[in-house]
$ cat coords_39.tsv   # TSV, C-alpha atoms
chain	number	residue	atom	x	y	z
A	180	MET	CA	30.00	-22.18	2.36
A	181	ALA	CA	29.12	-25.82	1.65
A	182	MET	CA	26.99	-25.86	4.80
A	183	VAL	CA	25.04	-22.83	3.63
A	184	TRP	CA	24.52	-24.40	0.20
A	185	ASN	CA	23.38	-27.70	1.70
A	186	GLY	CA	20.90	-25.88	3.94
A	187	MET	CA	19.16	-24.24	1.00
A	188	SER	CA	15.93	-25.46	-0.55
A	189	VAL	CA	16.20	-26.64	-4.13
A	190	ARG	CA	14.28	-23.56	-5.27
A	191	GLU	CA	16.79	-21.26	-3.61
A	192	LYS	CA	19.70	-23.20	-5.08
A	193	SER	CA	18.04	-23.00	-8.48
A	194	GLY	CA	17.61	-19.24	-8.05
A	195	TRP	CA	21.27	-18.62	-7.27
A	196	ALA	CA	22.50	-21.02	-9.95
A	197	MET	CA	20.20	-19.74	-12.69
A	198	GLY	CA	20.89	-16.12	-11.73
A	199	ALA	CA	24.62	-16.76	-11.94
A	200	LEU	CA	24.12	-18.45	-15.31
A	201	MET	CA	22.10	-15.49	-16.63
A	202	ILE	CA	24.76	-13.00	-15.52
A	203	ALA	CA	27.58	-15.15	-16.92
A	204	MET	CA	25.80	-15.53	-20.26
A	205	ALA	CA	24.99	-11.82	-20.45
A	206	ALA	CA	28.64	-10.99	-19.69
A	207	TRP	CA	29.72	-13.46	-22.39
A	208	TYR	CA	27.27	-12.08	-24.96
A	209	PHE	CA	27.98	-8.40	-24.43
A	210	GLY	CA	31.67	-9.10	-23.82
A	211	ARG	CA	31.92	-10.78	-27.22
A	212	LEU	CA	30.06	-7.95	-28.89
A	213	GLY	CA	32.18	-5.40	-27.04
A	214	ALA	CA	31.85	-1.77	-27.87
A	215	ALA	CA	30.24	-2.64	-31.21
A	216	ALA	CA	26.98	-3.35	-29.44
A	217	TRP	CA	26.71	0.24	-28.24
A	218	GLN	CA	27.91	2.05	-31.37
A	219	ALA	CA	25.47	3.72	-33.69
A	220	GLY	CA	24.47	1.84	-36.81
A	221	GLY	CA	26.00	-1.52	-35.91
A	222	ALA	CA	24.57	-4.65	-37.53
A	223	LEU	CA	22.57	-7.12	-35.49
A	224	PRO	CA	24.72	-10.14	-34.50
A	225	VAL	CA	22.28	-12.89	-35.46
A	226	GLY	CA	24.88	-15.64	-35.10
A	227	MET	CA	25.78	-14.46	-31.61
A	228	LEU	CA	22.14	-14.36	-30.65
A	229	ILE	CA	21.60	-17.94	-31.76
A	230	ALA	CA	24.75	-19.01	-29.89
A	231	TYR	CA	23.56	-17.16	-26.80
A	232	LEU	CA	20.17	-18.83	-26.89
A	233	PHE	CA	21.65	-22.28	-27.48
A	234	LEU	CA	24.22	-21.95	-24.68
A	235	THR	CA	21.71	-20.49	-22.23
A	236	ILE	CA	19.18	-23.28	-22.86
A	237	ALA	CA	21.92	-25.92	-22.63
A	238	GLY	CA	23.28	-24.33	-19.45
A	239	SER	CA	19.80	-24.20	-17.89
A	240	ILE	CA	19.23	-27.88	-18.65
A	241	VAL	CA	22.59	-28.79	-17.08
A	242	VAL	CA	21.82	-26.71	-13.96
A	243	GLN	CA	18.38	-28.28	-13.52
A	244	VAL	CA	19.63	-31.83	-14.12
A	245	VAL	CA	22.48	-31.39	-11.61
A	246	LEU	CA	20.05	-29.96	-9.04
A	247	ALA	CA	17.58	-32.77	-9.66
A	248	ILE	CA	20.28	-35.42	-9.13
A	249	ALA	CA	21.61	-33.69	-6.01
A	250	ASN	CA	18.16	-33.08	-4.51
A	251	ARG	CA	16.14	-36.17	-5.31
A	252	GLY	CA	12.55	-35.97	-4.12
A	253	GLU	CA	12.59	-32.20	-3.71
A	254	GLN	CA	13.06	-31.15	-7.33
A	255	GLY	CA	9.80	-30.88	-9.24
A	256	ALA	CA	7.64	-30.42	-6.16
A	257	PRO	CA	5.22	-27.52	-6.51
A	258	ALA	CA	6.20	-24.25	-4.85
A	259	ASP	CA	4.72	-23.78	-1.40
A	260	GLU	CA	3.22	-20.47	-0.22
A	261	ARG	CA	6.55	-18.92	0.85
A	262	GLU	CA	8.33	-19.90	-2.36
A	263	ALA	CA	5.42	-18.70	-4.49
A	264	ALA	CA	5.29	-15.37	-2.63
A	265	ALA	CA	9.06	-14.86	-3.04
A	266	SER	CA	8.81	-15.67	-6.74
A	267	MET	CA	5.91	-13.27	-7.25
A	268	GLN	CA	7.80	-10.45	-5.53
A	269	ALA	CA	10.89	-11.11	-7.65
A	270	VAL	CA	8.78	-11.13	-10.82
A	271	ALA	CA	7.33	-7.76	-9.79
A	272	TRP	CA	10.86	-6.34	-9.34
A	273	ALA	CA	11.85	-7.76	-12.73
A	274	GLY	CA	8.84	-6.03	-14.25
A	275	HIS	CA	10.03	-2.70	-12.85
A	276	VAL	CA	13.53	-3.28	-14.23
A	277	LEU	CA	12.21	-4.21	-17.66
A	278	THR	CA	9.81	-1.26	-17.74
A	279	MET	CA	12.58	1.17	-16.80
A	280	VAL	CA	14.93	-0.18	-19.47
A	281	ILE	CA	12.20	-0.12	-22.14
A	282	VAL	CA	11.25	3.47	-21.36
A	283	LEU	CA	14.88	4.64	-21.36
A	284	ALA	CA	15.66	2.71	-24.57
A	285	LEU	CA	12.61	4.15	-26.34
A	286	LEU	CA	13.45	7.68	-25.21
A	287	TRP	CA	16.99	7.20	-26.50
A	288	PHE	CA	15.61	5.84	-29.78
A	289	VAL	CA	13.36	8.88	-30.23
A	290	GLY	CA	16.41	11.11	-30.01
A	291	HIS	CA	18.92	9.04	-31.98
A	292	ARG	CA	16.90	6.74	-34.29
A	293	ASP	CA	19.33	3.88	-33.79
A	294	GLY	CA	17.47	0.61	-34.27
A	295	PRO	CA	20.33	-1.79	-33.45
A	296	LEU	CA	21.08	0.08	-30.24
A	297	LEU	CA	17.40	-0.11	-29.34
A	298	PHE	CA	17.55	-3.85	-29.96
A	299	HIS	CA	20.64	-4.32	-27.78
A	300	SER	CA	19.16	-2.20	-25.01
A	301	LEU	CA	15.90	-4.15	-24.96
A	302	PHE	CA	17.80	-7.43	-25.08
A	303	ALA	CA	19.96	-6.30	-22.15
A	304	GLY	CA	16.77	-5.37	-20.30
A	305	LEU	CA	15.35	-8.84	-20.88
A	306	LEU	CA	18.53	-10.49	-19.61
A	307	ALA	CA	18.59	-8.21	-16.57
A	308	SER	CA	14.96	-8.90	-15.74
A	309	GLN	CA	15.55	-12.65	-15.97
A	310	ALA	CA	18.52	-12.38	-13.63
A	311	VAL	CA	16.40	-10.33	-11.21
A	312	VAL	CA	13.68	-13.00	-11.20
A	313	HIS	CA	16.13	-15.76	-10.27
A	314	LEU	CA	18.40	-13.84	-7.91
A	315	GLY	CA	15.51	-11.95	-6.32
A	316	THR	CA	13.68	-15.17	-5.51
A	317	ALA	CA	16.79	-16.73	-4.01
A	318	TRP	CA	17.62	-13.58	-2.03
A	319	LEU	CA	14.12	-13.33	-0.56
A	320	LEU	CA	14.15	-16.99	0.43
A	321	ARG	CA	17.53	-16.51	2.12
A	322	ARG	CA	16.77	-13.20	3.84
A	323	GLY	CA	13.15	-13.85	4.78
A	324	PHE	CA	10.26	-11.53	4.21
B	72	MET	CA	17.53	-6.16	6.39
B	73	PRO	CA	13.91	-5.24	7.17
B	74	PRO	CA	12.83	-5.59	10.79
B	75	PRO	CA	11.33	-9.01	11.46
B	76	PRO	CA	7.53	-9.09	11.61
B	77	PRO	CA	6.26	-8.54	15.19
B	78	ILE	CA	4.90	-12.07	15.34
B	79	GLY	CA	6.36	-14.67	17.66
B	80	ASN	CA	5.64	-18.37	17.56
B	81	ARG	CA	6.09	-21.52	19.60
B	82	VAL	CA	6.34	-23.93	16.68
B	83	ARG	CA	9.72	-25.31	17.69
B	84	GLU	CA	8.64	-25.67	21.31
B	85	LEU	CA	5.44	-27.49	20.30
B	86	ARG	CA	7.35	-29.77	17.94
B	87	GLU	CA	9.73	-30.76	20.66
B	88	ALA	CA	6.90	-31.21	23.17
B	89	ARG	CA	5.18	-33.59	20.75
B	90	GLY	CA	7.99	-36.10	20.76
B	91	ASN	CA	10.32	-34.22	18.47
B	92	VAL	CA	8.14	-34.06	15.40
B	93	SER	CA	10.58	-33.20	12.63
B	94	GLN	CA	10.36	-30.04	10.57
B	95	ALA	CA	9.87	-32.20	7.50
B	96	GLN	CA	6.97	-34.10	9.10
B	97	LEU	CA	5.27	-30.89	10.17
B	98	GLY	CA	5.85	-29.34	6.74
B	99	GLU	CA	4.38	-32.36	5.00
B	100	ALA	CA	1.36	-32.34	7.32
B	101	ILE	CA	0.48	-28.73	6.59
B	102	GLY	CA	1.57	-28.60	2.95
B	103	VAL	CA	4.77	-26.57	3.01
B	104	THR	CA	8.44	-27.45	2.70
B	105	ARG	CA	10.80	-28.17	5.57
B	106	HIS	CA	12.59	-24.92	4.70
B	107	THR	CA	9.40	-22.94	5.22
B	108	ILE	CA	8.96	-24.46	8.69
B	109	ILE	CA	12.57	-23.47	9.43
B	110	ALA	CA	11.87	-19.91	8.22
B	111	ILE	CA	8.73	-19.73	10.39
B	112	GLU	CA	10.62	-20.93	13.46
B	113	GLN	CA	13.40	-18.42	12.85
B	114	GLY	CA	10.86	-15.60	12.47
B	115	LYS	CA	11.93	-15.01	8.86
B	116	TYR	CA	8.49	-15.72	7.45
B	117	SER	CA	4.96	-15.22	8.72
B	118	PRO	CA	2.74	-18.01	7.40
B	119	SER	CA	-0.60	-17.43	5.74
B	120	LEU	CA	-3.68	-17.56	7.93
B	121	GLU	CA	-4.53	-20.95	6.45
B	122	SER	CA	-1.12	-22.39	7.32
B	123	ALA	CA	-1.30	-20.85	10.79
B	124	PHE	CA	-4.58	-22.68	11.39
B	125	ARG	CA	-3.17	-25.90	9.94
B	126	ILE	CA	-0.17	-25.71	12.27
B	127	ALA	CA	-2.42	-25.05	15.27
B	128	ARG	CA	-4.73	-27.94	14.32
B	129	PHE	CA	-1.74	-30.22	13.85
B	130	PHE	CA	-0.74	-29.60	17.47
B	131	GLY	CA	-4.34	-29.62	18.68
B	132	VAL	CA	-4.19	-26.10	20.08
B	133	GLY	CA	-5.60	-22.71	19.18
B	134	VAL	CA	-3.85	-20.31	16.80
B	135	GLU	CA	-3.11	-17.92	19.66
B	136	ASP	CA	-1.36	-20.74	21.49
B	137	VAL	CA	1.07	-20.98	18.59
B	138	PHE	CA	1.39	-17.39	17.37
B	139	SER	CA	1.56	-14.19	19.35
B	140	TRP	CA	1.69	-10.50	18.45
B	141	HIS	CA	4.65	-8.55	19.81
B	142	GLY	CA	3.81	-5.16	18.28
$ encode --input "coords_39.tsv" --output "structure tokens"
Amino acid sequence: MAMVWNGMSVREKSGWAMGALMIAMAAWYFGRLGAAAWQAGGALPVGMLIAYLFLTIAGSIVVQVVLAIANRGEQGAPADEREAAASMQAVAWAGHVLTMVIVLALLWFVGHRDGPLLFHSLFAGLLASQAVVHLGTAWLLRRGF
Amino acid sequence: MPPPPPIGNRVRELREARGNVSQAQLGEAIGVTRHTIIAIEQGKYSPSLESAFRIARFFGVGVEDVFSWHG
């Protein structure tokens, strides 16, 4: 496992680490909200949102600093053609995910008129699309394309 | 897993023939990372036409001496 990790480029490591962070933070956010997030008429958890944003930004900084220390010289270099192509493909996938979630959330809203649920659905879509960008890039770099 | 692209290459062979040029040195010379050279050698990535020409020029050979079509 350590050998595989050491053989990765810093961009791939960043993809796996940031993707894991996004999933962990999404699980934390929706886990804390629990069923309340998906019930009709629930209030928007502004405090939770601020905490989520703060923790995600702090976590991202920690991940990038650790990667920069562990991969001196490589971190900060511009993406080469393979890394840029993988990233563009992952962004395209994320766009599909986000579009699908938005359409489904809006259709649900038309039928149920539940604003908070619409908000939670769109927020979940944003988190999912971010995870797809990071994990998709890392997966493409690992698998080849 | 998608099937690998039907493009073979002799990058590793040429590197070794040129006094064991490292993957990092080749990558730096043509403007890609060491990991991209590894992916090219393993057939996991087909480089752009520009990079293919840069690799060929680096070794002083033609593109068809480096890359071949196996389709």
$ residues_near_point --input "coords_39.tsv" --point "(29.0, -15.9, -32.3)" --cutoff "12 Å" --atoms "all atoms listed in the file" --output "list in words"
Trp207, Tyr208, Phe209, Gly210, Arg211, Leu212, Leu223, Pro224, Val225, Gly226, Met227, Leu228, Ile229, Ala230, Tyr231, Leu232, Phe233 and Leu234 of chain A
$ interface_residues --input "coords_39.tsv" --of "chain A" --to "chain B" --cutoff "6 Å" --atoms "all atoms listed in the file" --output "PyMOL selection string"
chain A and resi 259+323-324
$ closest_residue --input "coords_39.tsv" --among "A:Arg261, A:His275, A:His291, A:His313" --to "Ala199 in chain A" --atoms "only C-alpha atoms"
A:His313
$ residues_near_point --input "coords_39.tsv" --point "(5.5, -22.5, 19.5)" --cutoff "10 Å" --atoms "all atoms listed in the file" --output "number ranges by chain"
B: 79-88, 112, 126-127, 130, 134-139
$ atom_distance --input "coords_39.tsv" --atom1 "CA of Arg322 in chain A" --atom2 "CA of Ala273 in chain A"
18.1 Å
$ atom_distance --input "coords_39.tsv" --atom1 "CA of Glu191 in chain A" --atom2 "CA of Ser266 in chain A"
10.2 Å
$ atom_distance --input "coords_39.tsv" --atom1 "CA of Thr278 in chain A" --atom2 "CA of Gly194 in chain A"
21.9 Å
